[in-house]
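Novice: Have a peek at upload_32.cif (mmCIF, C-alpha atoms).
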data_structure
#
loop_
_atom_site.label_atom_id
_atom_site.label_comp_id
_atom_site.auth_asym_id
_atom_site.auth_seq_id
_atom_site.Cartn_x
_atom_site.Cartn_y
_atom_site.Cartn_z
CA MET A 1 43.68 -66.14 -2.26
CA HIS A 2 45.83 -67.79 0.30
CA LYS A 3 47.23 -65.74 3.16
CA ARG A 4 43.80 -64.66 4.28
CA HIS A 5 44.97 -64.72 7.84
CA TYR A 6 46.93 -61.57 7.15
CA LEU A 7 43.75 -59.81 6.16
CA ALA A 8 42.70 -60.17 9.78
CA VAL A 9 45.49 -57.83 10.76
CA LEU A 10 44.28 -54.32 11.62
CA ALA A 11 43.85 -52.46 8.31
CA GLY A 12 43.91 -48.90 9.60
CA VAL A 13 46.90 -48.98 11.87
CA ILE A 14 49.21 -51.85 12.60
CA LEU A 15 52.07 -51.50 14.96
CA ILE A 16 54.66 -54.17 15.32
CA THR A 17 57.49 -53.58 17.69
CA VAL A 18 59.86 -56.30 18.55
CA MET A 19 62.75 -55.40 20.82
CA ALA A 20 65.86 -57.41 20.49
CA THR A 21 66.49 -59.69 23.45
CA LEU A 22 69.72 -61.29 22.47
CA LEU A 23 72.42 -58.68 22.64
CA VAL A 24 76.05 -59.29 22.10
CA ALA A 25 78.84 -57.28 23.57
CA CYS A 26 79.01 -54.13 21.48
CA SER A 27 75.78 -52.15 21.43
CA SER A 28 75.83 -48.76 19.73
CA SER A 29 72.16 -48.04 18.84
CA ASP A 30 72.55 -47.11 15.20
CA ASP A 31 75.85 -48.53 14.16
CA ASN A 32 75.41 -50.69 11.14
CA LYS A 33 77.98 -53.13 10.05
CA THR A 34 77.50 -55.52 7.22
CA SER A 35 75.06 -58.24 8.12
CA THR A 36 75.83 -61.91 7.99
CA SER A 37 72.60 -63.81 8.28
CA THR A 38 73.51 -67.46 7.94
CA GLY A 39 74.97 -69.18 10.94
CA THR A 40 76.63 -66.10 12.41
CA GLN A 41 75.44 -63.33 14.66
CA SER A 42 74.17 -60.29 12.77
CA THR A 43 76.02 -57.08 13.52
CA VAL A 44 73.24 -54.82 12.24
CA SER A 45 71.47 -52.89 14.98
CA GLY A 46 69.12 -49.95 15.39
CA ASN A 47 65.51 -48.85 15.28
CA ILE A 48 63.49 -48.37 12.08
CA ASN A 49 60.13 -46.63 11.80
CA ILE A 50 57.99 -47.42 8.74
CA LYS A 51 54.76 -45.55 8.03
CA GLY A 52 52.33 -45.17 5.14
CA SER A 53 50.30 -47.18 2.65
CA ASP A 54 47.56 -49.42 4.03
CA THR A 55 47.89 -51.53 0.90
CA MET A 56 51.47 -52.26 1.92
CA VAL A 57 51.06 -52.49 5.68
CA ASN A 58 50.81 -56.28 5.81
CA LEU A 59 53.70 -56.57 3.38
CA GLY A 60 55.80 -54.21 5.48
CA ALA A 61 54.91 -56.15 8.62
CA ARG A 62 56.02 -59.44 7.06
CA TRP A 63 59.23 -57.86 5.82
CA ALA A 64 59.86 -56.53 9.32
CA GLU A 65 59.24 -59.92 10.91
CA GLY A 66 61.53 -61.68 8.45
CA PHE A 67 64.30 -59.13 8.80
CA MET A 68 64.18 -59.08 12.60
CA ASP A 69 64.33 -62.88 12.66
CA GLU A 70 67.76 -62.55 11.07
CA HIS A 71 68.84 -59.38 12.88
CA SER A 72 67.97 -59.65 16.53
CA LYS A 73 69.39 -56.24 17.42
CA VAL A 74 67.05 -54.40 15.08
CA SER A 75 63.62 -53.13 16.16
CA ILE A 76 61.11 -52.20 13.45
CA SER A 77 57.70 -50.60 13.83
CA VAL A 78 55.24 -50.65 10.92
CA THR A 79 52.28 -48.30 10.88
CA GLY A 80 49.59 -47.78 8.22
CA GLY A 81 47.34 -44.77 7.80
CA GLY A 82 47.68 -44.31 4.05
CA SER A 83 50.35 -43.15 1.62
CA GLY A 84 49.57 -39.51 2.35
CA THR A 85 50.22 -40.09 6.03
CA GLY A 86 53.52 -41.78 5.28
CA ILE A 87 54.65 -39.03 2.92
CA ALA A 88 53.73 -36.38 5.50
CA ALA A 89 55.76 -38.29 8.09
CA LEU A 90 58.74 -38.41 5.73
CA ILE A 91 58.48 -34.66 5.15
CA ASN A 92 58.20 -34.06 8.90
CA LYS A 93 61.16 -36.37 9.58
CA THR A 94 59.10 -38.65 11.83
CA THR A 95 59.63 -41.85 9.88
CA ASP A 96 62.69 -43.58 8.46
CA ILE A 97 60.81 -45.22 5.59
CA CYS A 98 57.60 -44.10 3.93
CA GLN A 99 55.61 -46.87 2.26
CA ALA A 100 53.54 -45.49 -0.63
CA SER A 101 51.25 -47.04 -3.23
CA ARG A 102 51.67 -43.95 -5.42
CA SER A 103 54.58 -41.75 -6.33
CA MET A 104 55.14 -38.48 -4.51
CA THR A 105 53.71 -35.43 -6.23
CA ALA A 106 55.87 -32.51 -7.34
CA GLN A 107 54.33 -30.40 -4.57
CA GLU A 108 55.11 -33.02 -1.93
CA THR A 109 58.69 -33.25 -3.16
CA ALA A 110 59.01 -29.45 -3.03
CA ASN A 111 57.59 -29.42 0.51
CA ALA A 112 60.08 -32.09 1.53
CA GLN A 113 63.04 -30.19 0.09
CA LYS A 114 61.84 -27.00 1.78
CA ASN A 115 61.99 -28.92 5.06
CA GLY A 116 65.48 -30.23 4.40
CA VAL A 117 64.33 -33.68 3.27
CA ASN A 118 65.65 -35.28 0.07
CA PRO A 119 63.21 -38.07 -0.90
CA VAL A 120 64.85 -41.10 -2.49
CA GLU A 121 62.48 -43.51 -4.21
CA PHE A 122 62.71 -47.31 -4.36
CA ILE A 123 60.29 -49.55 -6.26
CA VAL A 124 59.96 -52.55 -3.94
CA ALA A 125 57.01 -54.48 -5.45
CA LEU A 126 54.26 -54.26 -8.07
CA ASP A 127 50.51 -54.47 -7.63
CA GLY A 128 47.35 -54.77 -9.67
CA LEU A 129 44.28 -52.84 -8.55
CA SER A 130 41.39 -55.30 -8.70
CA VAL A 131 37.87 -53.99 -9.24
CA VAL A 132 35.63 -56.27 -7.19
CA VAL A 133 31.89 -56.92 -6.89
CA ASN A 134 29.76 -59.43 -5.03
CA PRO A 135 29.97 -62.96 -6.51
CA SER A 136 26.19 -62.82 -7.21
CA ASN A 137 26.64 -59.85 -9.55
CA ALA A 138 26.13 -60.89 -13.21
CA VAL A 139 28.56 -58.28 -14.52
CA ASN A 140 31.94 -59.80 -15.37
CA GLU A 141 33.85 -57.00 -17.08
CA LEU A 142 33.95 -53.22 -17.41
CA ASN A 143 35.96 -50.71 -19.42
CA PHE A 144 37.56 -47.50 -18.15
CA GLN A 145 34.77 -45.26 -19.43
CA GLN A 146 32.15 -47.33 -17.61
CA LEU A 147 34.20 -47.31 -14.42
CA SER A 148 34.73 -43.56 -14.68
CA ASP A 149 31.00 -43.02 -15.19
CA ILE A 150 30.19 -45.24 -12.21
CA TYR A 151 32.66 -43.48 -9.91
CA THR A 152 31.68 -39.96 -11.00
CA GLY A 153 27.97 -40.75 -10.58
CA LYS A 154 26.99 -40.64 -14.25
CA ILE A 155 26.02 -44.35 -14.20
CA THR A 156 24.04 -45.27 -11.10
CA ASN A 157 22.28 -48.54 -12.04
CA TRP A 158 23.81 -51.94 -12.78
CA LYS A 159 21.41 -52.45 -15.72
CA ASP A 160 23.34 -49.76 -17.64
CA VAL A 161 26.45 -51.96 -17.70
CA GLY A 162 24.79 -55.33 -18.26
CA GLY A 163 23.64 -56.18 -14.75
CA LYS A 164 20.34 -56.27 -12.91
CA ASP A 165 18.05 -53.33 -12.31
CA ALA A 166 19.55 -52.14 -9.03
CA SER A 167 21.33 -49.05 -7.75
CA ILE A 168 25.12 -49.29 -7.60
CA LEU A 169 26.72 -48.83 -4.19
CA VAL A 170 30.06 -47.27 -5.07
CA LEU A 171 32.91 -47.71 -2.57
CA SER A 172 36.32 -46.05 -2.64
CA ARG A 173 39.35 -45.87 -0.38
CA ASP A 174 39.51 -42.64 1.58
CA THR A 175 41.27 -39.55 0.28
CA ASN A 176 44.47 -40.13 2.24
CA SER A 177 45.04 -43.42 0.46
CA GLY A 178 47.52 -43.72 -2.38
CA THR A 179 45.18 -46.29 -3.89
CA HIS A 180 42.42 -43.65 -3.93
CA VAL A 181 44.69 -41.22 -5.77
CA PHE A 182 46.00 -43.80 -8.24
CA PHE A 183 42.51 -45.01 -9.14
CA LYS A 184 41.25 -41.45 -9.58
CA GLU A 185 44.08 -40.42 -11.89
CA HIS A 186 44.28 -43.57 -13.98
CA VAL A 187 40.67 -44.79 -14.08
CA VAL A 188 38.25 -42.03 -13.04
CA GLN A 189 40.17 -39.35 -14.97
CA MET A 190 41.45 -41.87 -17.58
CA ALA A 191 45.01 -40.52 -17.64
CA GLY A 192 46.81 -41.02 -20.94
CA MET A 193 43.65 -41.86 -22.87
CA PRO A 194 41.99 -39.70 -25.55
CA THR A 195 39.06 -39.25 -23.17
CA ALA A 196 41.26 -38.11 -20.25
CA ASP A 197 39.72 -35.36 -18.15
CA LYS A 198 41.54 -34.10 -15.05
CA LYS A 199 38.43 -32.27 -13.89
CA LEU A 200 36.60 -35.51 -13.16
CA GLU A 201 36.20 -36.32 -9.46
CA TYR A 202 34.58 -39.03 -7.38
CA GLY A 203 30.82 -38.51 -7.16
CA SER A 204 29.18 -37.15 -4.02
CA LYS A 205 27.50 -40.50 -3.25
CA VAL A 206 30.71 -42.52 -3.28
CA LEU A 207 31.32 -44.00 0.16
CA MET A 208 34.88 -43.76 1.45
CA MET A 209 36.25 -46.86 3.16
CA ALA A 210 38.79 -46.47 5.94
CA SER A 211 40.66 -49.57 4.82
CA SER A 212 40.85 -52.20 2.10
CA LYS A 213 39.56 -54.77 4.55
CA THR A 214 36.34 -52.87 5.30
CA GLY A 215 35.67 -52.42 1.60
CA ILE A 216 36.11 -56.11 0.90
CA GLU A 217 33.78 -56.97 3.79
CA GLU A 218 31.10 -54.62 2.44
CA VAL A 219 31.28 -56.05 -1.09
CA SER A 220 31.16 -59.62 0.21
CA SER A 221 27.83 -58.91 1.92
CA ASN A 222 26.22 -56.46 -0.52
CA SER A 223 25.20 -57.66 -3.99
CA ASN A 224 25.12 -54.09 -5.37
CA ALA A 225 28.52 -52.85 -4.18
CA ILE A 226 31.66 -52.20 -6.22
CA PHE A 227 35.13 -51.48 -4.81
CA TYR A 228 38.76 -51.48 -5.87
CA VAL A 229 41.58 -53.01 -3.89
CA GLY A 230 45.17 -54.17 -4.12
CA LEU A 231 45.66 -57.65 -5.51
CA GLY A 232 46.84 -59.05 -2.20
CA TYR A 233 43.54 -58.19 -0.51
CA VAL A 234 41.19 -60.03 -2.89
CA THR A 235 39.45 -63.00 -1.27
CA ASP A 236 37.13 -65.70 -2.59
CA LYS A 237 34.21 -63.80 -1.02
CA VAL A 238 34.33 -61.21 -3.82
CA LYS A 239 34.53 -61.40 -7.62
CA GLY A 240 37.27 -59.59 -9.51
CA LEU A 241 36.08 -58.02 -12.76
CA ALA A 242 38.03 -58.30 -16.00
CA ILE A 243 39.04 -54.77 -17.07
CA LYS A 244 39.81 -53.18 -20.43
CA LYS A 245 40.73 -49.63 -21.33
CA ILE A 246 38.40 -49.28 -24.31
CA GLU A 247 35.44 -51.32 -25.49
CA THR A 248 37.33 -53.01 -28.34
CA ASP A 249 40.14 -54.27 -26.07
CA VAL A 250 40.15 -57.77 -24.60
CA ALA A 251 39.21 -57.58 -20.92
CA VAL A 252 41.90 -58.92 -18.59
CA SER A 253 41.59 -60.15 -15.02
CA ALA A 254 44.06 -59.03 -12.37
CA SER A 255 46.66 -61.63 -11.45
CA VAL A 256 50.35 -61.84 -10.69
CA GLN A 257 50.98 -62.98 -14.25
CA THR A 258 48.90 -60.27 -15.97
CA VAL A 259 50.49 -57.56 -13.86
CA LYS A 260 53.96 -58.90 -14.58
CA ASP A 261 53.40 -59.22 -18.34
CA GLY A 262 51.78 -55.78 -18.53
CA SER A 263 48.44 -56.93 -19.90
CA TYR A 264 46.37 -55.87 -16.88
CA PRO A 265 45.60 -52.15 -17.35
CA VAL A 266 45.36 -51.06 -13.70
CA ALA A 267 48.81 -52.01 -12.42
CA ARG A 268 51.20 -49.88 -10.40
CA PRO A 269 54.54 -49.93 -8.57
CA LEU A 270 54.76 -49.86 -4.78
CA PHE A 271 57.40 -47.62 -3.21
CA PHE A 272 59.72 -47.03 -0.30
CA TYR A 273 60.83 -43.43 0.24
CA THR A 274 63.74 -42.49 2.47
CA ASN A 275 65.35 -39.16 3.35
CA GLY A 276 68.50 -39.35 1.26
CA GLN A 277 70.25 -42.62 0.54
CA PRO A 278 69.49 -44.94 3.47
CA GLN A 279 72.24 -45.74 5.92
CA GLY A 280 72.83 -48.30 8.64
CA ALA A 281 70.02 -50.62 9.61
CA THR A 282 67.61 -48.82 7.26
CA LYS A 283 69.84 -49.54 4.27
CA ALA A 284 70.20 -53.16 5.31
CA PHE A 285 66.42 -53.49 5.57
CA VAL A 286 65.72 -51.85 2.20
CA ASP A 287 68.31 -54.08 0.52
CA TRP A 288 66.82 -57.15 2.21
CA ALA A 289 63.23 -56.28 1.17
CA MET A 290 64.35 -55.88 -2.45
CA GLY A 291 66.48 -59.02 -2.35
CA ALA A 292 65.59 -62.68 -2.72
CA GLU A 293 64.17 -63.18 0.77
CA GLY A 294 62.10 -60.02 0.72
CA GLN A 295 60.77 -60.69 -2.76
CA LYS A 296 59.79 -64.22 -1.71
CA ILE A 297 57.49 -62.59 0.86
CA VAL A 298 56.09 -60.34 -1.89
CA SER A 299 54.99 -63.48 -3.77
CA GLU A 300 53.63 -65.13 -0.64
CA LEU A 301 51.30 -62.16 -0.08
CA ASP A 302 50.10 -62.21 -3.73
CA PHE A 303 51.81 -59.02 -4.75
CA VAL A 304 54.16 -59.03 -7.73
CA THR A 305 57.95 -59.17 -7.50
CA ILE A 306 60.17 -56.54 -9.09
CA ASN A 307 62.29 -59.08 -10.96
#
The structure in this file should be written as structure tokens.
Specialist:
Amino acid sequence: MHKRHYLAVLAGVILITVMATLLVACSSSDDNKTSTSTGTQSTVSGNINIKGSDTMVNLGARWAEGFMDEHSKVSISVTGGGSGTGIAALINKTTDICQASRSMTAQETANAQKNGVNPVEFIVALDGLSVVVNPSNAVNELNFQQLSDIYTGKITNWKDVGGKDASILVLSRDTNSGTHVFFKEHVVQMAGMPTADKKLEYGSKVLMMASSKTGIEEVSSNSNAIFYVGLGYVTDKVKGLAIKKIETDVAVSASVQTVKDGSYPVARPLFFYTNGQPQGATKAFVDWAMGAEGQKIVSELDFVTIN
């Protein structure tokens, strides 16, 4: 994957704050007039806080950089920590935009409303969750049942899924990650399949990774490790497995094309959440991220555009 230099960005917490230095005469902090971005001075101004999904943190940072390049009176900070952290910040009114790699639960929505927050959801990109192993691993594909058995601890040796006789080192994102939750519901618990079982949980020997980057690093150096990660984080130091829901399906590898055409079975939307319909600079930023320039950045970071 190209764009590997972004993977060097801090995976746990990234903070980007750029204060505008070129101010024109009028300067109300949150006033937000319609932006004109080509050849004229932008009139959008204000501060925007973005918090949440680690999967999306590099994407959010690039969006922020691109938007601030066009709107010099806007300051944006982007912080990771996981979707759960972002949703909690939205509920506590400490962020303007929550980035989430999963949808809010009914309980989270109820908690938000109880606190006077009205979450509004925007799908801003799509993603495929790649299941990755070390390139030396002979296994090339797995189905959902095998993955569920591996992550619940029922299968513990690679020889049971066509690999060598060696214990499987199972890696997961930590519990505050939206990716962790999505993978548990859709793969470990096999949501929507005849074999679905909501009682299934990650096994006690699964190691929780603080970030996608640390998981990728572990797999790249350990021939027995398995991990799952957003499409934009896959590097040539790991091997993405082809995945199928049931044994008789054709296994499909994660790619922009297979996510877009719906053939890859572990795909998901990526979200912005705001408190009510966004206003001012926040609205301008959300519109920009979902527009042509923002979606171009989505492609550049190997995520999948919404159109």
Novice: Take the PyMOL selection byres ((chain A and resi 131-133) around 9), apply it to the structure above, and return the hits as JSON, numbers by chain.
Specialist: {"A": [129, 130, 134, 135, 136, 137, 139, 140, 216, 219, 220, 222, 223, 224, 225, 226, 227, 228, 229, 230, 234, 238, 239, 240, 241, 242, 243, 254]}
Novice: Go ahead and compute the interatomic distance for CA of Thr235 in chain A and CA of Ile168 in chain A, in Å to one decimal.
Specialist: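 The value is 20.8 Å.
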Novice: Just give me the residues with any atom within 12 Å of (46.8, -40.3, -9.7), file coordinates, counting all atoms listed in the file, written as a short mmCIF file (atom, residue, chain, number, x, y, z; two decimals) with C-alpha atoms, in the coordinates of the input.
Specialist:
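Written out: point-v1.cif:
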data_model
loop_
_atom_site.label_atom_id
_atom_site.label_comp_id
_atom_site.auth_asym_id
_atom_site.auth_seq_id
_atom_site.Cartn_x
_atom_site.Cartn_y
_atom_site.Cartn_z
CA SER A 101 51.25 -47.04 -3.23
CA ARG A 102 51.67 -43.95 -5.42
CA SER A 103 54.58 -41.75 -6.33
CA MET A 104 55.14 -38.48 -4.51
CA THR A 105 53.71 -35.43 -6.23
CA THR A 175 41.27 -39.55 0.28
CA SER A 177 45.04 -43.42 0.46
CA GLY A 178 47.52 -43.72 -2.38
CA THR A 179 45.18 -46.29 -3.89
CA HIS A 180 42.42 -43.65 -3.93
CA VAL A 181 44.69 -41.22 -5.77
CA PHE A 182 46.00 -43.80 -8.24
CA PHE A 183 42.51 -45.01 -9.14
CA LYS A 184 41.25 -41.45 -9.58
CA GLU A 185 44.08 -40.42 -11.89
CA HIS A 186 44.28 -43.57 -13.98
CA VAL A 187 40.67 -44.79 -14.08
CA VAL A 188 38.25 -42.03 -13.04
CA GLN A 189 40.17 -39.35 -14.97
CA MET A 190 41.45 -41.87 -17.58
CA ALA A 191 45.01 -40.52 -17.64
CA GLY A 192 46.81 -41.02 -20.94
CA LYS A 198 41.54 -34.10 -15.05
CA LEU A 200 36.60 -35.51 -13.16
CA GLU A 201 36.20 -36.32 -9.46
CA VAL A 266 45.36 -51.06 -13.70
CA ARG A 268 51.20 -49.88 -10.40
#
Novice: Mind running range 81-176 of chain A against range 283-296 of chain A at 9 Å and telling me each contacting residue's nearest atom pair with the distance in Å (one decimal), counting only C-alpha atoms, chain and number ascending, as CSV?
Specialist:
residue,atom,partner,partner_atom,distance
A:Ile97,CA,A:Val286,CA,8.9
A:Phe122,CA,A:Val286,CA,8.5
A:Ile123,CA,A:Met290,CA,8.4
A:Val124,CA,A:Met290,CA,5.7
A:Ala125,CA,A:Gln295,CA,7.7
Novice: Quick one: residues within 9 Å of Gly60 in chain A, all atoms listed in the file counted, chain neighbours fewer than 3 positions away excluded, as a list in words?
Specialist: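 In the requested form, the answer reads Ile50, Met56, Val57, Trp63, Ala64, Glu65, Val78, Thr79, Gln99 and Ala289 of chain A.
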Novice: Of the residues A:Thr274, A:Asn157, A:Lys114, A:Ala210, which is the one nearest to Ile87 in chain A, using all atoms listed in the file?
Specialist: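 With all atoms listed in the file as the atom set, the closest residue is A:Thr274.
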Novice: Interatomic distance between CA of Asp54 in chain A and CA of Ala110 in chain A?
Specialist: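 Answer for the CA of Asp54 in chain A to CA of Ala110 in chain A separation: 24.1 Å.
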Novice: Using CA of Asp149 in chain A and CA of Leu270 in chain A as the two end points, give the distance in Å to one decimal.
Specialist: 26.8 Å
Novice: If you count only C-alpha atoms, which residues fall within 9 Å of Leu59 in chain A, apart from same-chain ones fewer than 6 positions away, as a PyMOL selection string?
Specialist: chain A and resi 297-298+301+303
Novice: Can you translate the PyMOL selection byres ((chain A and resi 211) around 8) into the concrete residues it hits in this file, as a ChimeraX atom specification?
Specialist: /A:11-12,54,173-174,209-210,212-215
Novice: Would you write out, as a ChimeraX atom specification, every residue that the PyMOL selection byres ((chain A and resi 152) around 12) captures in this file?
Specialist: /A:144-151,153-156,168,170-172,184,187-190,197,199-207
Novice: Please dump the current selection as a PDB file, in the frame of the given file; keep C-alpha atoms.
Specialist:
ATOM      1  CA  PHE A 144      37.560 -47.500 -18.150  1.00  0.00           C
ATOM      2  CA  GLN A 145      34.770 -45.260 -19.430  1.00  0.00           C
ATOM      3  CA  GLN A 146      32.150 -47.330 -17.610  1.00  0.00           C
ATOM      4  CA  LEU A 147      34.200 -47.310 -14.420  1.00  0.00           C
ATOM      5  CA  SER A 148      34.730 -43.560 -14.680  1.00  0.00           C
ATOM      6  CA  ASP A 149      31.000 -43.020 -15.190  1.00  0.00           C
ATOM      7  CA  ILE A 150      30.190 -45.240 -12.210  1.00  0.00           C
ATOM      8  CA  TYR A 151      32.660 -43.480  -9.910  1.00  0.00           C
ATOM      9  CA  GLY A 153      27.970 -40.750 -10.580  1.00  0.00           C
ATOM     10  CA  LYS A 154      26.990 -40.640 -14.250  1.00  0.00           C
ATOM     11  CA  ILE A 155      26.020 -44.350 -14.200  1.00  0.00           C
ATOM     12  CA  THR A 156      24.040 -45.270 -11.100  1.00  0.00           C
ATOM     13  CA  ILE A 168      25.120 -49.290  -7.600  1.00  0.00           C
ATOM     14  CA  VAL A 170      30.060 -47.270  -5.070  1.00  0.00           C
ATOM     15  CA  LEU A 171      32.910 -47.710  -2.570  1.00  0.00           C
ATOM     16  CA  SER A 172      36.320 -46.050  -2.640  1.00  0.00           C
ATOM     17  CA  LYS A 184      41.250 -41.450  -9.580  1.00  0.00           C
ATOM     18  CA  VAL A 187      40.670 -44.790 -14.080  1.00  0.00           C
ATOM     19  CA  VAL A 188      38.250 -42.030 -13.040  1.00  0.00           C
ATOM     20  CA  GLN A 189      40.170 -39.350 -14.970  1.00  0.00           C
ATOM     21  CA  MET A 190      41.450 -41.870 -17.580  1.00  0.00           C
ATOM     22  CA  ASP A 197      39.720 -35.360 -18.150  1.00  0.00           C
ATOM     23  CA  LYS A 199      38.430 -32.270 -13.890  1.00  0.00           C
ATOM     24  CA  LEU A 200      36.600 -35.510 -13.160  1.00  0.00           C
ATOM     25  CA  GLU A 201      36.200 -36.320  -9.460  1.00  0.00           C
ATOM     26  CA  TYR A 202      34.580 -39.030  -7.380  1.00  0.00           C
ATOM     27  CA  GLY A 203      30.820 -38.510  -7.160  1.00  0.00           C
ATOM     28  CA  SER A 204      29.180 -37.150  -4.020  1.00  0.00           C
ATOM     29  CA  LYS A 205      27.500 -40.500  -3.250  1.00  0.00           C
ATOM     30  CA  VAL A 206      30.710 -42.520  -3.280  1.00  0.00           C
ATOM     31  CA  LEU A 207      31.320 -44.000   0.160  1.00  0.00           C
TER      32      LEU A 207
END
Novice: Point out the residue among A:Pro119, A:Gly280, A:Gly66, A:Gly128 with the least atom-to-atom distance to Gly262 in chain A, counting all atoms listed in the file.
Specialist: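 Under the stated criterion, the closest residue is A:Gly128.
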Novice: Measuring atom to atom with only C-alpha atoms, identify which of A:Thr258, A:Ser253, A:Ser53, A:Gln279 is nearest to Thr85 in chain A.
Specialist: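 So, comparing all the options, the nearest one is A:Ser53.
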Novice: Nearest to Lys244 in chain A among A:Leu142, A:Ala106, A:Val74, A:Ile91, with distances taken over all atoms listed in the file: which residue is it?
Specialist: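 Going through A:Leu142, A:Ala106, A:Val74, A:Ile91 one by one, the smallest distance to Lys244 in chain A is for A:Leu142.
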Novice: From the list A:Thr248, A:Asn58, A:Thr94, A:Thr282, which residue is nearest Gly46 in chain A when using all atoms listed in the file?
Specialist: A:Thr282
Novice: Nearest to Glu121 in chain A: which of A:Lys245, A:Gly84, A:Asp261, A:Leu90 is it, counting only C-alpha atoms?
Specialist: A:Leu90
Novice: Determine, counting all atoms listed in the file, every residue of protein, DNA or RNA that lies within 6 Å of (55.6, -45.9, 2.2) in the file coordinates, then give the result as an MDAnalysis selection string.
Specialist: chainID A and resid 51:53 83 86 98:100 271:272
